[in-house]
$ cat model_5.tsv   # TSV, C-alpha atoms and all ligand atoms
chain	number	residue	atom	x	y	z
A	1	MET	CA	0.00	0.00	0.00
A	2	LYS	CA	1.38	3.43	-1.00
A	3	GLN	CA	0.46	7.04	-0.31
A	4	ILE	CA	1.23	9.22	-3.29
A	5	ASP	CA	0.45	12.59	-4.86
A	6	ALA	CA	-1.10	11.41	-8.11
A	7	GLU	CA	-1.33	13.77	-11.07
A	8	ILE	CA	-4.64	13.94	-12.91
A	9	LEU	CA	-3.91	12.91	-16.50
A	10	LYS	CA	-7.51	13.01	-17.70
A	11	ILE	CA	-10.97	13.66	-16.33
A	12	GLU	CA	-13.86	13.06	-18.71
A	13	PRO	CA	-17.64	12.99	-18.41
A	14	VAL	CA	-19.18	9.59	-19.17
A	15	ALA	CA	-22.84	10.37	-18.48
A	16	LYS	CA	-24.88	12.78	-16.38
A	17	ASP	CA	-23.00	13.11	-13.05
A	18	ILE	CA	-20.61	10.26	-13.92
A	19	PHE	CA	-16.91	10.82	-14.61
A	20	ARG	CA	-13.85	8.79	-15.53
A	21	LEU	CA	-10.66	9.93	-13.79
A	22	THR	CA	-7.20	8.79	-14.92
A	23	LEU	CA	-4.32	9.31	-12.49
A	24	LYS	CA	-0.59	8.82	-12.76
A	25	ALA	CA	0.07	6.25	-10.02
A	26	PRO	CA	2.70	3.68	-11.08
A	27	ASP	CA	3.24	2.14	-7.63
A	28	ILE	CA	-0.49	1.57	-7.16
A	29	ALA	CA	-0.95	0.21	-10.70
A	30	GLU	CA	1.85	-2.27	-10.13
A	31	ALA	CA	0.31	-3.70	-6.95
A	32	ALA	CA	-3.39	-3.55	-7.92
A	33	ALA	CA	-5.74	-6.56	-7.99
A	34	PRO	CA	-9.37	-6.76	-9.20
A	35	GLY	CA	-11.86	-5.51	-6.61
A	36	GLN	CA	-9.38	-3.46	-4.58
A	37	PHE	CA	-9.94	0.24	-3.93
A	38	VAL	CA	-8.09	3.50	-3.26
A	39	MET	CA	-8.77	6.37	-0.85
A	40	ILE	CA	-8.65	9.77	-2.58
A	41	ARG	CA	-8.56	13.16	-0.85
A	42	PRO	CA	-10.53	15.52	-3.07
A	43	VAL	CA	-8.74	18.61	-1.63
A	44	SER	CA	-5.40	19.43	-0.03
A	45	GLY	CA	-7.12	21.63	2.62
A	46	PHE	CA	-9.56	20.64	5.37
A	47	ASP	CA	-13.00	20.51	3.79
A	48	PRO	CA	-13.85	17.73	3.29
A	49	LEU	CA	-11.26	16.43	5.72
A	50	LEU	CA	-11.59	12.73	5.03
A	51	PRO	CA	-10.55	10.86	1.89
A	52	ARG	CA	-13.20	9.01	-0.15
A	53	PRO	CA	-13.05	5.33	-1.22
A	54	PHE	CA	-13.25	4.38	-4.92
A	55	SER	CA	-12.89	1.01	-6.62
A	56	LEU	CA	-10.12	0.54	-9.13
A	57	HIS	CA	-12.04	0.60	-12.43
A	58	ASP	CA	-8.95	-0.14	-14.48
A	59	TRP	CA	-5.17	0.25	-14.37
A	60	SER	CA	-2.11	-0.17	-16.56
A	61	GLU	CA	1.24	-1.25	-15.15
A	62	LYS	CA	2.87	-0.33	-18.44
A	63	GLN	CA	1.56	3.24	-18.45
A	64	GLY	CA	1.70	3.60	-14.67
A	65	THR	CA	-1.93	4.74	-14.52
A	66	ILE	CA	-5.07	3.95	-12.54
A	67	VAL	CA	-8.65	4.77	-13.59
A	68	ILE	CA	-11.62	5.56	-11.34
A	69	LEU	CA	-15.25	5.69	-12.47
A	70	PHE	CA	-17.33	7.79	-10.10
A	71	ARG	CA	-20.76	9.30	-9.63
A	72	VAL	CA	-21.22	12.74	-8.07
A	73	VAL	CA	-23.29	12.28	-4.89
A	74	GLY	CA	-21.98	14.94	-2.49
A	75	LYS	CA	-19.23	17.35	-1.62
A	76	GLY	CA	-16.12	15.20	-2.20
A	77	THR	CA	-17.22	13.75	-5.52
A	78	GLY	CA	-18.49	17.19	-6.56
A	79	ILE	CA	-15.01	18.67	-5.99
A	80	LEU	CA	-13.39	15.75	-7.83
A	81	ALA	CA	-15.64	16.34	-10.83
A	82	GLN	CA	-14.46	19.99	-10.97
A	83	SER	CA	-10.77	19.00	-10.83
A	84	ARG	CA	-8.65	19.63	-13.87
A	85	HIS	CA	-5.83	17.92	-15.72
A	86	GLY	CA	-2.44	18.50	-14.02
A	87	ARG	CA	-3.76	18.82	-10.46
A	88	LYS	CA	-2.36	16.41	-7.87
A	89	LEU	CA	-4.54	14.36	-5.54
A	90	GLN	CA	-3.47	12.49	-2.42
A	91	VAL	CA	-4.17	8.81	-3.08
A	92	VAL	CA	-3.64	5.78	-0.83
A	93	GLY	CA	-3.83	2.24	-2.18
A	94	PRO	CA	-4.33	-0.34	-3.36
A	95	LEU	CA	-6.44	-1.26	-0.33
A	96	GLY	CA	-8.58	-4.19	0.79
A	97	LYS	CA	-9.17	-7.69	-0.49
A	98	GLY	CA	-10.51	-8.10	-4.00
A	99	PHE	CA	-12.25	-10.89	-5.92
A	100	ASP	CA	-11.02	-14.47	-5.59
A	101	ILE	CA	-11.09	-15.80	-9.14
A	102	THR	CA	-8.95	-18.85	-8.76
A	103	SER	CA	-11.53	-21.62	-9.02
A	104	ALA	CA	-14.56	-21.58	-11.31
A	105	GLU	CA	-15.95	-23.39	-14.30
A	106	SER	CA	-18.12	-20.51	-15.51
A	107	VAL	CA	-18.26	-16.98	-14.10
A	108	CYS	CA	-21.11	-14.52	-14.01
A	109	LEU	CA	-20.30	-10.85	-13.32
A	110	VAL	CA	-23.36	-9.06	-11.96
A	111	GLY	CA	-23.35	-5.26	-11.63
A	112	GLY	CA	-25.85	-2.58	-10.72
A	113	GLY	CA	-25.53	1.14	-11.54
A	114	ILE	CA	-22.15	2.66	-10.67
A	115	GLY	CA	-21.41	-0.77	-9.11
A	116	ILE	CA	-20.12	-1.78	-12.51
A	117	ALA	CA	-16.96	0.24	-11.67
A	118	PRO	CA	-14.75	-2.66	-10.47
A	119	LEU	CA	-16.09	-5.10	-13.07
A	120	LEU	CA	-13.95	-3.75	-15.95
A	121	GLY	CA	-10.66	-4.35	-14.13
A	122	LEU	CA	-12.00	-7.75	-13.10
A	123	ALA	CA	-13.23	-8.78	-16.57
A	124	LYS	CA	-9.92	-7.79	-18.16
A	125	ARG	CA	-7.96	-9.86	-15.68
A	126	LEU	CA	-9.94	-13.07	-15.60
A	127	PRO	CA	-7.65	-15.93	-16.55
A	128	GLU	CA	-7.65	-16.73	-20.30
A	129	ALA	CA	-11.28	-16.84	-21.46
A	130	ASP	CA	-10.92	-20.43	-22.66
A	131	ALA	CA	-10.24	-21.44	-19.05
A	132	TYR	CA	-14.00	-21.06	-18.55
A	133	ASN	CA	-17.02	-22.65	-20.17
A	134	GLU	CA	-18.63	-19.24	-20.16
A	135	ILE	CA	-18.17	-15.68	-18.90
A	136	ALA	CA	-21.50	-13.90	-18.52
A	137	VAL	CA	-21.88	-10.19	-17.74
A	138	LEU	CA	-25.28	-9.05	-16.47
A	139	LEU	CA	-25.91	-5.39	-15.67
A	140	GLY	CA	-28.90	-3.62	-14.19
A	141	GLY	CA	-29.84	0.04	-13.89
A	142	ALA	CA	-32.73	2.43	-13.42
A	143	SER	CA	-33.08	3.43	-17.09
A	144	GLY	CA	-31.44	3.14	-20.49
A	145	GLU	CA	-30.17	6.70	-20.14
A	146	GLU	CA	-28.28	5.70	-16.98
A	147	LEU	CA	-27.22	2.19	-18.00
A	148	ALA	CA	-26.12	2.61	-21.65
A	149	PRO	CA	-22.99	4.70	-20.95
A	150	LEU	CA	-22.09	2.50	-17.97
A	151	ALA	CA	-22.43	-0.65	-20.09
A	152	GLU	CA	-20.16	0.97	-22.71
A	153	CYS	CA	-17.46	1.12	-20.03
A	154	LEU	CA	-17.44	-2.68	-20.13
A	155	ASP	CA	-16.99	-2.86	-23.88
A	156	ILE	CA	-14.39	-5.64	-24.13
A	157	PRO	CA	-14.10	-7.70	-27.32
A	158	GLY	CA	-15.66	-11.13	-26.93
A	159	LEU	CA	-17.61	-10.22	-23.80
A	160	ALA	CA	-21.38	-10.48	-24.23
A	161	VAL	CA	-23.14	-8.04	-21.91
A	162	ARG	CA	-26.85	-8.45	-21.08
A	163	LEU	CA	-28.84	-5.54	-19.69
A	164	ALA	CA	-31.93	-4.97	-17.57
A	165	THR	CA	-33.61	-1.69	-16.66
A	166	ASP	CA	-36.27	-0.89	-14.08
A	167	ASP	CA	-38.28	1.17	-16.61
A	168	GLY	CA	-37.74	-1.15	-19.60
A	169	THR	CA	-36.07	1.54	-21.75
A	170	LEU	CA	-33.07	-0.73	-22.45
A	171	GLY	CA	-32.72	-4.51	-22.45
A	172	HIS	CA	-34.96	-6.64	-20.26
A	173	HIS	CA	-37.76	-4.81	-18.42
A	174	GLY	CA	-37.00	-5.85	-14.85
A	175	VAL	CA	-34.15	-6.42	-12.45
A	176	VAL	CA	-30.73	-7.97	-12.88
A	177	THR	CA	-31.70	-11.08	-10.88
A	178	ASP	CA	-34.28	-11.83	-13.63
A	179	LEU	CA	-31.35	-11.97	-16.06
A	180	MET	CA	-29.54	-14.35	-13.72
A	181	GLU	CA	-32.56	-16.66	-13.53
A	182	ASN	CA	-32.98	-16.59	-17.32
A	183	HIS	CA	-29.36	-16.98	-18.23
A	184	MET	CA	-27.59	-19.09	-15.63
A	185	THR	CA	-28.29	-22.67	-16.66
A	186	ARG	CA	-28.30	-25.15	-13.84
A	187	ASP	CA	-25.98	-27.63	-15.56
A	188	ARG	CA	-22.95	-25.42	-14.98
A	189	ASP	CA	-20.80	-24.69	-11.92
A	190	TRP	CA	-21.12	-20.95	-11.71
A	191	LEU	CA	-19.16	-18.47	-9.64
A	192	VAL	CA	-21.01	-15.17	-9.23
A	193	LEU	CA	-19.00	-11.95	-8.70
A	194	SER	CA	-21.19	-8.97	-7.91
A	195	CYS	CA	-21.06	-5.27	-7.12
A	196	GLY	CA	-23.88	-2.76	-6.76
A	197	PRO	CA	-26.30	-1.21	-4.27
A	198	MET	CA	-27.03	-3.16	-1.09
A	199	PRO	CA	-30.64	-4.19	-1.97
A	200	MET	CA	-29.40	-5.60	-5.29
A	201	LEU	CA	-26.55	-7.48	-3.61
A	202	LYS	CA	-28.99	-8.91	-1.08
A	203	ALA	CA	-31.25	-10.18	-3.88
A	204	VAL	CA	-28.25	-11.61	-5.77
A	205	ALA	CA	-26.98	-13.36	-2.62
A	206	HIS	CA	-30.45	-14.77	-1.91
A	207	LEU	CA	-30.78	-16.19	-5.44
A	208	CYS	CA	-27.29	-17.68	-5.29
A	209	ARG	CA	-28.05	-19.40	-1.99
A	210	LYS	CA	-31.26	-20.80	-3.44
A	211	ASN	CA	-29.41	-22.24	-6.43
A	212	GLY	CA	-26.20	-23.28	-4.66
A	213	TRP	CA	-24.02	-20.86	-6.69
A	214	PRO	CA	-20.95	-19.61	-4.79
A	215	CYS	CA	-21.08	-15.82	-4.75
A	216	GLN	CA	-18.75	-12.95	-3.86
A	217	VAL	CA	-20.11	-9.46	-3.24
A	218	SER	CA	-18.27	-6.13	-3.14
A	219	LEU	CA	-19.80	-4.07	-0.33
A	220	GLU	CA	-19.85	-0.32	0.20
A	221	SER	CA	-19.88	1.52	3.49
A	222	VAL	CA	-19.00	4.97	4.70
A	223	MET	CA	-15.25	4.93	5.42
A	224	ALA	CA	-13.07	7.29	7.44
A	225	CYS	CA	-9.62	5.68	7.37
A	226	GLY	CA	-9.86	2.86	4.80
A	227	MET	CA	-7.30	0.70	6.58
A	228	GLY	CA	-8.79	-0.91	9.67
A	229	VAL	CA	-8.10	1.82	12.25
A	230	CYS	CA	-11.38	3.67	12.91
A	231	LEU	CA	-13.67	0.57	12.84
A	232	GLY	CA	-16.35	2.74	11.22
A	233	CYS	CA	-17.03	0.38	8.31
A	234	ALA	CA	-18.27	-2.63	10.27
A	235	VAL	CA	-20.88	-4.95	8.76
A	236	LYS	CA	-22.59	-7.81	10.59
A	237	SER	CA	-21.41	-11.33	9.98
A	238	PRO	CA	-23.28	-14.50	10.98
A	239	ALA	CA	-22.34	-15.86	14.42
A	240	GLY	CA	-19.88	-18.74	14.43
A	241	ASN	CA	-17.96	-17.96	11.25
A	242	GLY	CA	-14.84	-16.83	13.10
A	243	HIS	CA	-15.28	-13.06	12.72
A	244	GLU	CA	-16.81	-12.33	16.17
A	245	GLY	CA	-20.00	-10.98	14.63
A	246	TYR	CA	-18.47	-8.14	12.58
A	247	LEU	CA	-16.36	-7.68	9.47
A	248	HIS	CA	-14.70	-4.46	8.36
A	249	VAL	CA	-15.34	-3.53	4.75
A	250	CYS	CA	-11.97	-1.81	4.30
A	251	LYS	CA	-9.66	-4.54	5.54
A	252	ASP	CA	-11.67	-7.80	5.49
A	253	GLY	CA	-13.26	-6.74	2.16
A	254	PRO	CA	-14.61	-4.88	0.28
A	255	VAL	CA	-15.18	-8.25	-1.45
A	256	PHE	CA	-16.71	-10.99	0.73
A	257	TRP	CA	-18.17	-14.42	0.19
A	258	GLU	CA	-21.89	-13.75	0.57
A	259	SER	CA	-22.03	-16.47	3.26
A	260	ASP	CA	-19.79	-14.26	5.45
A	261	VAL	CA	-22.37	-11.42	5.47
A	262	ALA	CA	-25.43	-11.34	7.77
A	263	TRP	CA	-28.00	-10.07	5.25
A	301	LIG	C1	-14.92	0.16	-1.19
A	301	LIG	C2	-15.74	1.27	-1.84
A	301	LIG	C3	-15.62	1.46	-3.20
A	301	LIG	C4	-16.36	2.48	-3.82
A	301	LIG	N1	-16.21	2.64	-5.16
A	301	LIG	C5	-16.89	3.61	-5.78
A	301	LIG	C6	-16.73	3.81	-7.19
A	301	LIG	O1	-15.96	3.09	-7.85
A	301	LIG	N2	-17.43	4.82	-7.78
A	301	LIG	C7	-18.27	5.62	-7.05
A	301	LIG	O2	-18.89	6.52	-7.63
A	301	LIG	N3	-18.44	5.45	-5.72
A	301	LIG	C8	-17.77	4.48	-5.07
A	301	LIG	N4	-17.92	4.32	-3.71
A	301	LIG	C9	-18.81	5.26	-2.99
A	301	LIG	C10	-18.05	6.57	-2.77
A	301	LIG	O3	-16.99	6.35	-1.85
A	301	LIG	C11	-19.00	7.64	-2.21
A	301	LIG	O4	-19.97	7.94	-3.17
A	301	LIG	C12	-18.22	8.89	-1.83
A	301	LIG	O5	-17.42	8.64	-0.70
A	301	LIG	C13	-19.17	10.04	-1.54
A	301	LIG	O6	-18.38	11.15	-1.19
A	301	LIG	P1	-19.01	12.61	-1.21
A	301	LIG	O7	-18.12	13.49	-0.40
A	301	LIG	O8	-19.28	13.05	-2.61
A	301	LIG	O9	-20.41	12.42	-0.53
A	301	LIG	P2	-20.83	12.89	0.93
A	301	LIG	O10	-21.09	14.36	0.87
A	301	LIG	O11	-19.89	12.36	1.95
A	301	LIG	O12	-22.21	12.10	1.06
A	301	LIG	C14	-23.25	12.24	0.08
A	301	LIG	C15	-24.15	11.04	0.14
A	301	LIG	O13	-23.43	9.85	-0.23
A	301	LIG	C16	-23.53	8.87	0.79
A	301	LIG	N5	-22.22	8.18	0.92
A	301	LIG	C17	-21.06	8.73	1.37
A	301	LIG	N6	-20.07	7.83	1.38
A	301	LIG	C18	-20.61	6.69	0.93
A	301	LIG	C19	-20.12	5.38	0.71
A	301	LIG	N7	-18.85	5.03	0.99
A	301	LIG	N8	-20.96	4.46	0.22
A	301	LIG	C20	-22.21	4.76	-0.05
A	301	LIG	N9	-22.76	5.96	0.13
A	301	LIG	C21	-21.97	6.92	0.61
A	301	LIG	C22	-23.85	9.64	2.06
A	301	LIG	O14	-24.55	8.82	2.98
A	301	LIG	C23	-24.71	10.75	1.53
A	301	LIG	O15	-26.04	10.33	1.34
A	301	LIG	C24	-17.23	3.31	-3.05
A	301	LIG	C25	-17.33	3.10	-1.69
A	301	LIG	C26	-16.61	2.09	-1.09
A	301	LIG	C27	-16.74	1.86	0.38
A	302	LIG	S1	-12.80	2.65	7.33
A	302	LIG	FE1	-11.70	2.76	9.18
A	302	LIG	S2	-11.74	0.69	9.84
A	302	LIG	FE2	-12.65	0.59	7.90

$ encode --input "model_5.tsv" --output "structure tokens"
Amino acid sequence: MKQIDAEILKIEPVAKDIFRLTLKAPDIAEAAAPGQFVMIRPVSGFDPLLPRPFSLHDWSEKQGTIVILFRVVGKGTGILAQSRHGRKLQVVGPLGKGFDITSAESVCLVGGGIGIAPLLGLAKRLPEADAYNEIAVLLGGASGEELAPLAECLDIPGLAVRLATDDGTLGHHGVVTDLMENHMTRDRDWLVLSCGPMPMLKAVAHLCRKNGWPCQVSLESVMACGMGVCLGCAVKSPAGNGHEGYLHVCKDGPVFWESDVAW
């Protein structure tokens, strides 16, 4: 884990209130793994005081760059969106434990809204595609207007992406778990890797339990330190699984086996 002053190489709008930020951060790019995150301080002064967590959307060891995909929701992300090329940002990372992709016959990546952010870095780094029977990518969002530009961020040759929207303006009219039920045939050993809002993750975890599919979820929580010091990012874990009732999203996760989370 490194703390660096990372220069902004590019900041570009992707959709309404969504931006792609490319930073010069060779040490972080070299150590990064799919599903890990960085803490970014939007300002060098005191307001906001605390850094904000963002998943690694993509990175290049060769170019020494990392890429963040973020939605403006408040003060910190608002300031980030106004930042310009050449400015330096304090960045700490890579942090946390990412996706475990070592054993699977077929994988299904399931994302919701801005939760697709870590799925690009993950999809690009899955072992050779022919190591799997199938790689499925299923994405859900509120509307076509919101989902189309996010789905474009996952535009990798050979990767078939299926979409669902709440209002039916793009892809299947319904939720992403409908796509899972329609697409994930029961004759395969699937591993599900998922990131999105908590209610979606809960539904994904529930469906996976029902069907016996192993499932990892990337959780979000409000974070102050990002490295296990403040204990502010605790989530409940079922009794008896060795975690004394609580897990910390920043150091035990953000990616967990769904069976380790008390939904
Ligand atoms: C491990 C991790 C990875 C993340 N990756 C991404 C990413 O790739 N792209 C992205 O856009 N966002 C991501 N987030 C969420 C992001 O950190 C928050 O949106 C950001 O901290 C908000 O900062 P702000 O100052 O703009 O908002 P604030 O002014 O602090 O708050 C505005 C609103 O956002 C809510 N909020 C604040 N922090 C979080 C949080 N951590 N999770 C959920 N809601 C929050 C607040 O409750 C409030 O309603 C991630 C969060 C975590 C924990
Ligand atoms: S954010 Fe401080 S312990 Fe997790």

$ closest_residue --input "model_5.tsv" --among "A:Phe99, A:Phe54, A:Tyr246, A:Trp59" --to "ligand LIG 301 (chain A)" --atoms "only C-alpha atoms and all ligand atoms"
A:Phe54

$ residues_near_ligand --input "model_5.tsv" --ligand "ligand LIG 301 (chain A)" --cutoff "8 Å" --atoms "all atoms listed in the file" --output "number ranges by chain"
A: 18, 36-38, 48, 51-57, 68-79, 96, 114-118, 218-223, 249-250, 253-254

$ closest_atom_pairs --input "model_5.tsv" --of "chain A" --to "ligand LIG 302 (chain A)" --cutoff "8 Å" --atoms "all atoms listed in the file" --output "CSV"
residue,atom,partner,partner_atom,distance
A:Val222,CA,A:LIG302,S1,7.1
A:Met223,CA,A:LIG302,S1,3.9
A:Ala224,CA,A:LIG302,S1,4.6
A:Cys225,CA,A:LIG302,FE1,4.0
A:Gly226,CA,A:LIG302,S1,3.9
A:Met227,CA,A:LIG302,S2,5.5
A:Gly228,CA,A:LIG302,S2,3.4
A:Val229,CA,A:LIG302,S2,4.5
A:Cys230,CA,A:LIG302,FE1,3.9
A:Leu231,CA,A:LIG302,S2,3.6
A:Gly232,CA,A:LIG302,FE1,5.1
A:Cys233,CA,A:LIG302,FE2,4.4
A:Ala234,CA,A:LIG302,FE2,6.9
A:His248,CA,A:LIG302,FE2,5.5
A:Val249,CA,A:LIG302,FE2,5.8
A:Cys250,CA,A:LIG302,FE2,4.4
A:Lys251,CA,A:LIG302,FE2,6.4

$ closest_residue --input "model_5.tsv" --among "A:Glu152, A:Glu134, A:Asp5, A:Asp100" --to "Asp27 in chain A" --atoms "all atoms listed in the file"
A:Asp5

$ residues_around --input "model_5.tsv" --residues "Glu145 in chain A" --least-positions-apart "5" --cutoff "10 Å" --atoms "only C-alpha atoms" --output "ChimeraX atom specification"
/A:15-16,150,165,169-170

$ residues_around --input "model_5.tsv" --residues "Ala203 in chain A" --least-positions-apart "2" --cutoff "12 Å" --atoms "all atoms listed in the file" --output "PDB file with C-alpha atoms, in the frame of the given file"
ATOM      1  CA  VAL A 110     -23.360  -9.060 -11.960  1.00  0.00           C
ATOM      2  CA  GLY A 112     -25.850  -2.580 -10.720  1.00  0.00           C
ATOM      3  CA  VAL A 175     -34.150  -6.420 -12.450  1.00  0.00           C
ATOM      4  CA  VAL A 176     -30.730  -7.970 -12.880  1.00  0.00           C
ATOM      5  CA  THR A 177     -31.700 -11.080 -10.880  1.00  0.00           C
ATOM      6  CA  ASP A 178     -34.280 -11.830 -13.630  1.00  0.00           C
ATOM      7  CA  MET A 180     -29.540 -14.350 -13.720  1.00  0.00           C
ATOM      8  CA  GLU A 181     -32.560 -16.660 -13.530  1.00  0.00           C
ATOM      9  CA  SER A 194     -21.190  -8.970  -7.910  1.00  0.00           C
ATOM     10  CA  CYS A 195     -21.060  -5.270  -7.120  1.00  0.00           C
ATOM     11  CA  GLY A 196     -23.880  -2.760  -6.760  1.00  0.00           C
ATOM     12  CA  PRO A 197     -26.300  -1.210  -4.270  1.00  0.00           C
ATOM     13  CA  MET A 198     -27.030  -3.160  -1.090  1.00  0.00           C
ATOM     14  CA  PRO A 199     -30.640  -4.190  -1.970  1.00  0.00           C
ATOM     15  CA  MET A 200     -29.400  -5.600  -5.290  1.00  0.00           C
ATOM     16  CA  LEU A 201     -26.550  -7.480  -3.610  1.00  0.00           C
ATOM     17  CA  ALA A 205     -26.980 -13.360  -2.620  1.00  0.00           C
ATOM     18  CA  HIS A 206     -30.450 -14.770  -1.910  1.00  0.00           C
ATOM     19  CA  LEU A 207     -30.780 -16.190  -5.440  1.00  0.00           C
ATOM     20  CA  CYS A 208     -27.290 -17.680  -5.290  1.00  0.00           C
ATOM     21  CA  ARG A 209     -28.050 -19.400  -1.990  1.00  0.00           C
ATOM     22  CA  LYS A 210     -31.260 -20.800  -3.440  1.00  0.00           C
ATOM     23  CA  CYS A 215     -21.080 -15.820  -4.750  1.00  0.00           C
ATOM     24  CA  VAL A 217     -20.110  -9.460  -3.240  1.00  0.00           C
ATOM     25  CA  GLU A 258     -21.890 -13.750   0.570  1.00  0.00           C
ATOM     26  CA  TRP A 263     -28.000 -10.070   5.250  1.00  0.00           C
TER      27      TRP A 263
END

$ atom_distance --input "model_5.tsv" --atom1 "CA of Val261 in chain A" --atom2 "CA of Lys236 in chain A"
6.3 Å

$ atom_distance --input "model_5.tsv" --atom1 "CA of Gln90 in chain A" --atom2 "CA of Gln3 in chain A"
7.0 Å

$ residues_near_point --input "model_5.tsv" --point "(-13.7, -16.5, -9.4)" --cutoff "9 Å" --atoms "all atoms listed in the file" --output "list of chain:residue names"
A:Phe99, A:Asp100, A:Ile101, A:Thr102, A:Ser103, A:Ala104, A:Glu105, A:Ser106, A:Val107, A:Cys108, A:Leu126, A:Trp190, A:Leu191, A:Val192, A:Leu193, A:Cys215, A:Gln216

$ atom_distance --input "model_5.tsv" --atom1 "CA of Ala33 in chain A" --atom2 "CA of Ala164 in chain A"
27.9 Å

$ closest_residue --input "model_5.tsv" --among "A:Glu7, A:Asp252, A:Glu61, A:Asp260" --to "Ser237 in chain A" --atoms "only C-alpha atoms"
A:Asp260

$ closest_residue --input "model_5.tsv" --among "A:Pro238, A:Pro42, A:Gly86, A:Gly121" --to "Ala29 in chain A" --atoms "only C-alpha atoms"
A:Gly121

$ closest_residue --input "model_5.tsv" --among "A:Gly171, A:Pro157, A:Gly98, A:Gly45" --to "Leu138 in chain A" --atoms "only C-alpha atoms"
A:Gly171
